[in-house]
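J.: Sharing protein.txt below, compact mmCIF, N, CA and C atoms:
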```txt
# COMPACT_ATOMS: atom_id res chain seq x y z
N MET T 1 9.74 12.15 -47.38
CA MET T 1 9.25 12.38 -46.04
C MET T 1 8.65 11.09 -45.45
N HIS T 2 7.86 10.40 -46.28
CA HIS T 2 7.23 9.16 -45.84
C HIS T 2 8.31 8.12 -45.46
N GLU T 3 9.38 8.09 -46.22
CA GLU T 3 10.48 7.16 -45.95
C GLU T 3 11.14 7.45 -44.61
N HIS T 4 11.33 8.73 -44.29
CA HIS T 4 11.95 9.15 -43.02
C HIS T 4 11.06 8.74 -41.84
N ILE T 5 9.77 8.96 -41.96
CA ILE T 5 8.83 8.60 -40.90
C ILE T 5 8.84 7.08 -40.68
N GLN T 6 8.86 6.32 -41.76
CA GLN T 6 8.88 4.86 -41.66
C GLN T 6 10.17 4.39 -40.99
N LYS T 7 11.30 5.03 -41.30
CA LYS T 7 12.58 4.68 -40.69
C LYS T 7 12.53 4.95 -39.18
N CYS T 8 11.97 6.09 -38.81
CA CYS T 8 11.83 6.43 -37.37
C CYS T 8 10.91 5.43 -36.67
N ALA T 9 9.83 5.06 -37.32
CA ALA T 9 8.89 4.09 -36.74
C ALA T 9 9.57 2.74 -36.53
N ASP T 10 10.38 2.31 -37.48
CA ASP T 10 11.09 1.04 -37.37
C ASP T 10 12.08 1.06 -36.20
N VAL T 11 12.82 2.15 -36.09
CA VAL T 11 13.79 2.28 -34.99
C VAL T 11 13.06 2.28 -33.65
N THR T 12 11.94 3.00 -33.60
CA THR T 12 11.15 3.06 -32.37
C THR T 12 10.62 1.68 -32.00
N GLU T 13 10.11 0.95 -32.97
CA GLU T 13 9.60 -0.39 -32.71
C GLU T 13 10.69 -1.32 -32.20
N GLN T 14 11.90 -1.22 -32.77
CA GLN T 14 13.02 -2.04 -32.31
C GLN T 14 13.38 -1.70 -30.86
N ARG T 15 13.38 -0.42 -30.56
CA ARG T 15 13.74 0.03 -29.20
C ARG T 15 12.70 -0.44 -28.18
N ILE T 16 11.44 -0.33 -28.53
CA ILE T 16 10.37 -0.78 -27.62
C ILE T 16 10.46 -2.29 -27.42
N THR T 17 10.70 -3.03 -28.48
CA THR T 17 10.85 -4.48 -28.37
C THR T 17 12.02 -4.83 -27.46
N PHE T 18 13.15 -4.13 -27.62
CA PHE T 18 14.31 -4.34 -26.76
C PHE T 18 13.96 -4.08 -25.30
N LEU T 19 13.29 -2.96 -25.03
CA LEU T 19 12.94 -2.62 -23.66
C LEU T 19 11.99 -3.63 -23.04
N LEU T 20 11.03 -4.11 -23.81
CA LEU T 20 10.10 -5.11 -23.30
C LEU T 20 10.80 -6.43 -22.99
N GLU T 21 11.78 -6.78 -23.80
CA GLU T 21 12.54 -8.00 -23.53
C GLU T 21 13.41 -7.86 -22.29
N GLU T 22 13.93 -6.67 -22.06
CA GLU T 22 14.79 -6.44 -20.90
C GLU T 22 13.99 -6.31 -19.61
N GLU T 23 12.76 -5.87 -19.73
CA GLU T 23 11.92 -5.65 -18.55
C GLU T 23 11.59 -6.98 -17.90
N GLN T 24 11.77 -7.04 -16.59
CA GLN T 24 11.45 -8.24 -15.84
C GLN T 24 10.65 -7.83 -14.62
N GLU T 25 10.03 -8.81 -14.01
CA GLU T 25 9.32 -8.55 -12.77
C GLU T 25 10.33 -8.10 -11.72
N PRO T 26 9.99 -7.08 -10.94
CA PRO T 26 10.91 -6.68 -9.88
C PRO T 26 11.03 -7.78 -8.83
N PHE T 27 12.20 -7.93 -8.28
CA PHE T 27 12.42 -8.91 -7.23
C PHE T 27 13.53 -8.40 -6.33
N THR T 28 13.64 -9.01 -5.21
CA THR T 28 14.69 -8.65 -4.28
C THR T 28 15.24 -9.92 -3.66
N MET T 29 16.51 -9.88 -3.36
CA MET T 29 17.12 -11.02 -2.67
C MET T 29 17.03 -10.82 -1.17
N ASN T 30 16.53 -9.67 -0.76
CA ASN T 30 16.36 -9.35 0.66
C ASN T 30 14.88 -9.35 1.00
N GLU T 31 14.25 -10.49 0.85
CA GLU T 31 12.80 -10.61 1.05
C GLU T 31 12.39 -10.17 2.45
N HIS T 32 13.19 -10.47 3.46
CA HIS T 32 12.83 -10.09 4.83
C HIS T 32 12.81 -8.58 4.99
N TYR T 33 13.76 -7.86 4.38
CA TYR T 33 13.73 -6.39 4.43
C TYR T 33 12.50 -5.86 3.70
N PHE T 34 12.24 -6.44 2.53
CA PHE T 34 11.10 -6.00 1.74
C PHE T 34 9.80 -6.14 2.54
N MET T 35 9.59 -7.31 3.14
CA MET T 35 8.35 -7.55 3.88
C MET T 35 8.24 -6.64 5.10
N ASP T 36 9.36 -6.41 5.77
CA ASP T 36 9.37 -5.52 6.94
C ASP T 36 9.03 -4.09 6.52
N TYR T 37 9.70 -3.59 5.49
CA TYR T 37 9.42 -2.24 5.02
C TYR T 37 8.00 -2.12 4.47
N ARG T 38 7.54 -3.15 3.77
CA ARG T 38 6.18 -3.12 3.22
C ARG T 38 5.16 -2.98 4.34
N SER T 39 5.35 -3.76 5.38
CA SER T 39 4.43 -3.70 6.52
C SER T 39 4.44 -2.32 7.17
N LYS T 40 5.63 -1.76 7.35
CA LYS T 40 5.74 -0.44 7.98
C LYS T 40 5.10 0.65 7.12
N PHE T 41 5.39 0.63 5.82
CA PHE T 41 4.83 1.66 4.95
C PHE T 41 3.33 1.48 4.75
N LEU T 42 2.87 0.24 4.74
CA LEU T 42 1.44 -0.01 4.62
C LEU T 42 0.71 0.59 5.83
N GLY T 43 1.23 0.34 7.01
CA GLY T 43 0.64 0.93 8.22
C GLY T 43 0.69 2.44 8.21
N HIS T 44 1.81 2.98 7.75
CA HIS T 44 1.98 4.43 7.68
C HIS T 44 0.96 5.06 6.74
N TYR T 45 0.85 4.52 5.52
CA TYR T 45 -0.07 5.08 4.53
C TYR T 45 -1.53 4.90 4.94
N LYS T 46 -1.84 3.74 5.53
CA LYS T 46 -3.22 3.53 5.99
C LYS T 46 -3.57 4.50 7.11
N GLY T 47 -2.62 4.72 8.01
CA GLY T 47 -2.86 5.65 9.11
C GLY T 47 -3.12 7.06 8.61
N ILE T 48 -2.34 7.49 7.65
CA ILE T 48 -2.54 8.82 7.08
C ILE T 48 -3.91 8.91 6.42
N ARG T 49 -4.26 7.88 5.68
CA ARG T 49 -5.55 7.84 4.98
C ARG T 49 -6.71 7.88 5.98
N GLN T 50 -6.61 7.11 7.05
CA GLN T 50 -7.67 7.08 8.04
C GLN T 50 -7.84 8.42 8.73
N LYS T 51 -6.73 9.07 9.05
CA LYS T 51 -6.82 10.38 9.68
C LYS T 51 -7.48 11.38 8.77
N ALA T 52 -7.16 11.29 7.49
CA ALA T 52 -7.73 12.23 6.52
C ALA T 52 -9.20 11.93 6.25
N GLU T 53 -9.60 10.67 6.32
CA GLU T 53 -10.94 10.27 5.93
C GLU T 53 -11.97 10.32 7.06
N SER T 54 -11.56 10.01 8.27
CA SER T 54 -12.58 9.82 9.29
C SER T 54 -12.04 10.12 10.68
N SER T 55 -12.95 10.56 11.52
CA SER T 55 -12.59 10.77 12.92
C SER T 55 -13.23 9.67 13.78
N PHE T 56 -13.59 8.56 13.14
CA PHE T 56 -14.25 7.46 13.84
C PHE T 56 -13.45 6.99 15.04
N MET T 57 -12.14 6.80 14.86
CA MET T 57 -11.31 6.30 15.97
C MET T 57 -11.30 7.27 17.13
N GLU T 58 -11.23 8.55 16.84
CA GLU T 58 -11.26 9.55 17.91
C GLU T 58 -12.58 9.49 18.66
N LYS T 59 -13.66 9.39 17.91
CA LYS T 59 -14.99 9.30 18.54
C LYS T 59 -15.11 8.03 19.36
N LEU T 60 -14.56 6.95 18.85
CA LEU T 60 -14.62 5.66 19.53
C LEU T 60 -13.87 5.69 20.86
N GLN T 61 -12.80 6.45 20.92
CA GLN T 61 -11.96 6.49 22.11
C GLN T 61 -12.30 7.63 23.06
N SER T 62 -13.19 8.51 22.65
CA SER T 62 -13.49 9.67 23.50
C SER T 62 -14.33 9.26 24.72
N GLU T 63 -14.13 9.97 25.81
CA GLU T 63 -14.82 9.69 27.07
C GLU T 63 -16.32 9.94 26.93
N GLU T 64 -16.69 10.97 26.19
CA GLU T 64 -18.12 11.31 26.07
C GLU T 64 -18.92 10.30 25.27
N ASN T 65 -18.25 9.46 24.46
CA ASN T 65 -18.95 8.45 23.66
C ASN T 65 -18.90 7.05 24.28
N LYS T 66 -18.36 6.93 25.48
CA LYS T 66 -18.25 5.61 26.12
C LYS T 66 -19.60 4.93 26.26
N ARG T 67 -20.61 5.71 26.64
CA ARG T 67 -21.94 5.14 26.83
C ARG T 67 -22.49 4.62 25.49
N VAL T 68 -22.28 5.38 24.42
CA VAL T 68 -22.75 4.97 23.10
C VAL T 68 -22.03 3.70 22.66
N VAL T 69 -20.72 3.66 22.87
CA VAL T 69 -19.93 2.48 22.49
C VAL T 69 -20.40 1.25 23.26
N ASN T 70 -20.64 1.40 24.55
CA ASN T 70 -21.13 0.27 25.36
C ASN T 70 -22.51 -0.19 24.90
N THR T 71 -23.35 0.76 24.50
CA THR T 71 -24.68 0.40 23.99
C THR T 71 -24.56 -0.38 22.69
N VAL T 72 -23.69 0.08 21.80
CA VAL T 72 -23.48 -0.62 20.52
C VAL T 72 -22.98 -2.04 20.78
N ILE T 73 -22.03 -2.18 21.69
CA ILE T 73 -21.48 -3.50 22.01
C ILE T 73 -22.57 -4.41 22.58
N SER T 74 -23.43 -3.87 23.44
CA SER T 74 -24.51 -4.69 24.02
C SER T 74 -25.52 -5.10 22.95
N TYR T 75 -25.82 -4.21 22.00
CA TYR T 75 -26.73 -4.57 20.90
C TYR T 75 -26.11 -5.65 20.00
N LEU T 76 -24.83 -5.53 19.74
CA LEU T 76 -24.16 -6.55 18.93
C LEU T 76 -24.18 -7.90 19.64
N ALA T 77 -23.98 -7.88 20.97
CA ALA T 77 -24.05 -9.12 21.75
C ALA T 77 -25.45 -9.71 21.69
N ALA T 78 -26.48 -8.85 21.73
CA ALA T 78 -27.86 -9.33 21.65
C ALA T 78 -28.14 -9.96 20.29
N LEU T 79 -27.42 -9.51 19.25
CA LEU T 79 -27.57 -10.09 17.92
C LEU T 79 -26.74 -11.36 17.73
N GLY T 80 -25.96 -11.72 18.75
CA GLY T 80 -25.19 -12.95 18.68
C GLY T 80 -23.70 -12.76 18.43
N LEU T 81 -23.24 -11.52 18.37
CA LEU T 81 -21.80 -11.27 18.18
C LEU T 81 -21.16 -11.07 19.55
N SER T 82 -20.65 -12.17 20.09
CA SER T 82 -20.01 -12.07 21.40
C SER T 82 -18.54 -11.74 21.23
N ASN T 83 -17.88 -11.48 22.33
CA ASN T 83 -16.45 -11.12 22.34
C ASN T 83 -16.15 -9.86 21.56
N VAL T 84 -17.09 -8.94 21.51
CA VAL T 84 -16.86 -7.65 20.85
C VAL T 84 -16.46 -6.65 21.91
N ASP T 85 -15.39 -5.94 21.65
CA ASP T 85 -14.97 -4.85 22.53
C ASP T 85 -14.64 -3.64 21.67
N PRO T 86 -14.37 -2.50 22.26
CA PRO T 86 -14.12 -1.29 21.46
C PRO T 86 -13.01 -1.44 20.43
N SER T 87 -12.02 -2.28 20.71
CA SER T 87 -10.91 -2.43 19.76
C SER T 87 -11.31 -3.19 18.50
N THR T 88 -12.42 -3.95 18.55
CA THR T 88 -12.86 -4.69 17.37
C THR T 88 -13.85 -3.91 16.52
N LEU T 89 -14.39 -2.82 17.02
CA LEU T 89 -15.37 -2.04 16.27
C LEU T 89 -14.85 -1.45 14.96
N PRO T 90 -13.58 -1.03 14.86
CA PRO T 90 -13.11 -0.50 13.57
C PRO T 90 -13.21 -1.49 12.42
N ARG T 91 -13.30 -2.79 12.72
CA ARG T 91 -13.45 -3.79 11.65
C ARG T 91 -14.79 -3.65 10.94
N LEU T 92 -15.74 -2.95 11.56
CA LEU T 92 -17.06 -2.76 10.95
C LEU T 92 -17.03 -1.70 9.85
N ILE T 93 -15.96 -0.93 9.79
CA ILE T 93 -15.85 0.11 8.77
C ILE T 93 -15.63 -0.58 7.42
N PRO T 94 -16.37 -0.15 6.39
CA PRO T 94 -16.16 -0.78 5.08
C PRO T 94 -14.73 -0.57 4.59
N PRO T 95 -14.25 -1.48 3.75
CA PRO T 95 -12.87 -1.34 3.26
C PRO T 95 -12.67 -0.05 2.47
N ASP T 96 -11.49 0.47 2.57
CA ASP T 96 -11.13 1.69 1.85
C ASP T 96 -11.08 1.39 0.35
N PRO T 97 -11.78 2.17 -0.48
CA PRO T 97 -11.73 1.90 -1.93
C PRO T 97 -10.34 2.10 -2.51
N MET T 98 -9.47 2.78 -1.79
CA MET T 98 -8.11 3.02 -2.26
C MET T 98 -7.11 1.99 -1.71
N GLU T 99 -7.62 0.92 -1.11
CA GLU T 99 -6.75 -0.09 -0.48
C GLU T 99 -5.71 -0.65 -1.45
N SER T 100 -6.13 -0.99 -2.66
CA SER T 100 -5.17 -1.56 -3.60
C SER T 100 -4.09 -0.55 -3.99
N ALA T 101 -4.45 0.71 -4.12
CA ALA T 101 -3.46 1.75 -4.43
C ALA T 101 -2.50 1.94 -3.26
N ILE T 102 -3.01 1.88 -2.05
CA ILE T 102 -2.16 2.01 -0.86
C ILE T 102 -1.18 0.85 -0.79
N GLU T 103 -1.64 -0.35 -1.12
CA GLU T 103 -0.75 -1.52 -1.12
C GLU T 103 0.35 -1.37 -2.18
N ILE T 104 -0.02 -0.87 -3.34
CA ILE T 104 0.98 -0.65 -4.40
C ILE T 104 2.01 0.37 -3.93
N MET T 105 1.55 1.47 -3.34
CA MET T 105 2.47 2.49 -2.84
C MET T 105 3.44 1.91 -1.82
N ALA T 106 2.92 1.10 -0.90
CA ALA T 106 3.76 0.51 0.14
C ALA T 106 4.78 -0.46 -0.46
N GLU T 107 4.35 -1.26 -1.44
CA GLU T 107 5.27 -2.21 -2.05
C GLU T 107 6.37 -1.51 -2.85
N VAL T 108 6.01 -0.48 -3.59
CA VAL T 108 7.01 0.26 -4.37
C VAL T 108 8.01 0.92 -3.43
N ARG T 109 7.50 1.57 -2.40
CA ARG T 109 8.38 2.26 -1.44
C ARG T 109 9.29 1.25 -0.74
N ALA T 110 8.73 0.11 -0.35
CA ALA T 110 9.53 -0.92 0.33
C ALA T 110 10.59 -1.49 -0.59
N TYR T 111 10.24 -1.69 -1.85
CA TYR T 111 11.20 -2.23 -2.80
C TYR T 111 12.39 -1.30 -2.94
N PHE T 112 12.12 0.00 -3.11
CA PHE T 112 13.22 0.95 -3.26
C PHE T 112 13.97 1.18 -1.97
N GLN T 113 13.29 1.09 -0.84
CA GLN T 113 13.97 1.21 0.45
C GLN T 113 14.95 0.06 0.61
N GLY T 114 14.52 -1.14 0.25
CA GLY T 114 15.41 -2.31 0.32
C GLY T 114 16.55 -2.21 -0.66
N SER T 115 16.27 -1.69 -1.85
CA SER T 115 17.33 -1.52 -2.85
C SER T 115 18.37 -0.53 -2.36
N GLU T 116 17.90 0.55 -1.76
CA GLU T 116 18.83 1.56 -1.24
C GLU T 116 19.70 0.95 -0.15
N ARG T 117 19.10 0.15 0.71
CA ARG T 117 19.85 -0.49 1.79
C ARG T 117 20.91 -1.43 1.21
N SER T 118 20.53 -2.17 0.16
CA SER T 118 21.48 -3.09 -0.47
C SER T 118 22.65 -2.34 -1.11
N LEU T 119 22.34 -1.24 -1.77
CA LEU T 119 23.38 -0.44 -2.41
C LEU T 119 24.34 0.14 -1.37
N LEU T 120 23.79 0.62 -0.26
CA LEU T 120 24.64 1.21 0.77
C LEU T 120 25.56 0.17 1.40
N SER T 121 25.11 -1.08 1.46
CA SER T 121 25.95 -2.13 2.04
C SER T 121 27.13 -2.46 1.12
N LEU T 122 27.01 -2.14 -0.17
CA LEU T 122 28.09 -2.41 -1.10
C LEU T 122 29.19 -1.35 -1.03
N ILE T 123 28.84 -0.20 -0.50
CA ILE T 123 29.81 0.90 -0.46
C ILE T 123 30.79 0.74 0.67
```
Written as structure tokens, that's how I'd like the structure from this file.
T.:
Amino acid sequence: MHEHIQKCADVTEQRITFLLEEEQEPFTMNEHYFMDYRSKFLGHYKGIRQKAESSFMEKLQSEENKRVVNTVISYLAALGLSNVDPSTLPRLIPPDPMESAIEIMAEVRAYFQGSERSLLSLI
């Protein structure tokens, strides 16, 4: 029994070694497609995340909060932050703790989208 287990372990180790040697960093010869898709998917995933996480943008754009927004902008100007307008206020939101995961999702999706496009062009 011990001999059989050792034989299986040896075969498994050889197979894992083979797979690790074959594994390479993903790359694409269509860098422009990859970057375009990455940008689109990154925006898409971030937008979904923002909608799910916060209604800050809705509050910022609502008519009833215009006075509050103008007050905030005037206080920021008094503190020395000039050239602030409502479109720059979202930058004050702390970064999303899931930002790196969102970037990975966008890159993986863009990579496969580009691969699919390349495959279809061969047909």
J.: Counting only C-alpha atoms, give me one row per residue of range 75-121 of chain T with an atom at most 7 Å from an atom of range 34-47 of chain T, showing the shortest contact pair and its distance in Å to one decimal, sorted by chain then residue number, as JSON lines.
T.:
```
{"residue": "T:Ile102", "atom": "CA", "partner": "T:Tyr45", "partner_atom": "CA", "distance": 6.5}
{"residue": "T:Glu103", "atom": "CA", "partner": "T:Leu42", "partner_atom": "CA", "distance": 6.3}
{"residue": "T:Ala106", "atom": "CA", "partner": "T:Phe41", "partner_atom": "CA", "distance": 5.1}
{"residue": "T:Glu107", "atom": "CA", "partner": "T:Arg38", "partner_atom": "CA", "distance": 5.4}
{"residue": "T:Ala110", "atom": "CA", "partner": "T:Tyr37", "partner_atom": "CA", "distance": 4.9}
{"residue": "T:Tyr111", "atom": "CA", "partner": "T:Phe34", "partner_atom": "CA", "distance": 5.9}
{"residue": "T:Gly114", "atom": "CA", "partner": "T:Phe34", "partner_atom": "CA", "distance": 5.8}
```
J.: So what do you get for atom C of Ala101 in chain T versus atom N of Lys51 in chain T, distance-wise?
T.: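 So the two atoms, atom C of Ala101 in chain T and atom N of Lys51 in chain T, lie 14.8 Å apart.
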J.: For a test of reading the model, state the distance in Å between atom N of Pro97 in chain T and atom C of Gln50 in chain T, rounded to one decimal.
T.: 11.8 Å
J.: Have a look at T:Arg15, T:Asp85, T:Gln6, T:Tyr33 and name the one nearest to Gln113 in chain T; count all atoms listed in the file.
T.: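 Looking only at the distances to Gln113 in chain T, the closest residue turns out to be T:Tyr33.
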J.: Taking the DSSP secondary structure from the backbone, can you list the residues of range 22-114 of chain T that are alpha helix (DSSP H), as an NGL selection string?
T.: :T and (22 or 31-53 or 56-61 or 66-78 or 99-114)
J.: Work out how far apart atom C of Asn30 in chain T and atom C of Phe18 in chain T are and give it in Å to one decimal.
T.: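 For atom C of Asn30 in chain T relative to atom C of Phe18 in chain T, the distance reads 26.8 Å.
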J.: Within 8 Å of range 58-75 of chain T, counting only N, CA and C atoms, which residues show up once you throw out same-chain ones fewer than 5 positions away? Write them as number ranges by chain, please.
T.: T: 80-81, 84-86
J.: Have range 11-30 of chain T completed to N, CA, C and O atoms, please, and pass it along as a short mmCIF file (atom, residue, chain, number, x, y, z; two decimals), keeping the file's coordinate frame.
T.:
```cif
data_model
loop_
_atom_site.label_atom_id
_atom_site.label_comp_id
_atom_site.auth_asym_id
_atom_site.auth_seq_id
_atom_site.Cartn_x
_atom_site.Cartn_y
_atom_site.Cartn_z
N VAL T 11 12.82 2.15 -36.09
CA VAL T 11 13.79 2.28 -34.99
C VAL T 11 13.06 2.28 -33.65
O VAL T 11 13.48 1.64 -32.69
N THR T 12 11.94 3.00 -33.60
CA THR T 12 11.15 3.06 -32.37
C THR T 12 10.62 1.68 -32.00
O THR T 12 10.68 1.28 -30.84
N GLU T 13 10.11 0.95 -32.97
CA GLU T 13 9.60 -0.39 -32.71
C GLU T 13 10.69 -1.32 -32.20
O GLU T 13 10.48 -2.09 -31.26
N GLN T 14 11.90 -1.22 -32.77
CA GLN T 14 13.02 -2.04 -32.31
C GLN T 14 13.38 -1.70 -30.86
O GLN T 14 13.65 -2.58 -30.05
N ARG T 15 13.38 -0.42 -30.56
CA ARG T 15 13.74 0.03 -29.20
C ARG T 15 12.70 -0.44 -28.18
O ARG T 15 13.05 -0.91 -27.11
N ILE T 16 11.44 -0.33 -28.53
CA ILE T 16 10.37 -0.78 -27.62
C ILE T 16 10.46 -2.29 -27.42
O ILE T 16 10.33 -2.78 -26.29
N THR T 17 10.70 -3.03 -28.48
CA THR T 17 10.85 -4.48 -28.37
C THR T 17 12.02 -4.83 -27.46
O THR T 17 11.91 -5.70 -26.59
N PHE T 18 13.15 -4.13 -27.62
CA PHE T 18 14.31 -4.34 -26.76
C PHE T 18 13.96 -4.08 -25.30
O PHE T 18 14.28 -4.88 -24.41
N LEU T 19 13.29 -2.96 -25.03
CA LEU T 19 12.94 -2.62 -23.66
C LEU T 19 11.99 -3.63 -23.04
O LEU T 19 12.12 -3.98 -21.86
N LEU T 20 11.03 -4.11 -23.81
CA LEU T 20 10.10 -5.11 -23.30
C LEU T 20 10.80 -6.43 -22.99
O LEU T 20 10.47 -7.11 -22.02
N GLU T 21 11.78 -6.78 -23.80
CA GLU T 21 12.54 -8.00 -23.53
C GLU T 21 13.41 -7.86 -22.29
O GLU T 21 13.60 -8.82 -21.54
N GLU T 22 13.93 -6.67 -22.06
CA GLU T 22 14.79 -6.44 -20.90
C GLU T 22 13.99 -6.31 -19.61
O GLU T 22 14.49 -6.60 -18.53
N GLU T 23 12.76 -5.87 -19.73
CA GLU T 23 11.92 -5.65 -18.55
C GLU T 23 11.59 -6.98 -17.90
O GLU T 23 11.18 -7.92 -18.57
N GLN T 24 11.77 -7.04 -16.59
CA GLN T 24 11.45 -8.24 -15.84
C GLN T 24 10.65 -7.83 -14.62
O GLN T 24 10.61 -6.66 -14.25
N GLU T 25 10.03 -8.81 -14.01
CA GLU T 25 9.32 -8.55 -12.77
C GLU T 25 10.33 -8.10 -11.72
O GLU T 25 11.42 -8.67 -11.61
N PRO T 26 9.99 -7.08 -10.94
CA PRO T 26 10.91 -6.68 -9.88
C PRO T 26 11.03 -7.78 -8.83
O PRO T 26 10.06 -8.49 -8.56
N PHE T 27 12.20 -7.93 -8.28
CA PHE T 27 12.42 -8.91 -7.23
C PHE T 27 13.53 -8.40 -6.33
O PHE T 27 14.24 -7.47 -6.66
N THR T 28 13.64 -9.01 -5.21
CA THR T 28 14.69 -8.65 -4.28
C THR T 28 15.24 -9.92 -3.66
O THR T 28 14.51 -10.90 -3.48
N MET T 29 16.51 -9.88 -3.36
CA MET T 29 17.12 -11.02 -2.67
C MET T 29 17.03 -10.82 -1.17
O MET T 29 17.41 -11.69 -0.40
N ASN T 30 16.53 -9.67 -0.76
CA ASN T 30 16.36 -9.35 0.66
C ASN T 30 14.88 -9.35 1.00
O ASN T 30 14.31 -8.33 1.38
#
```
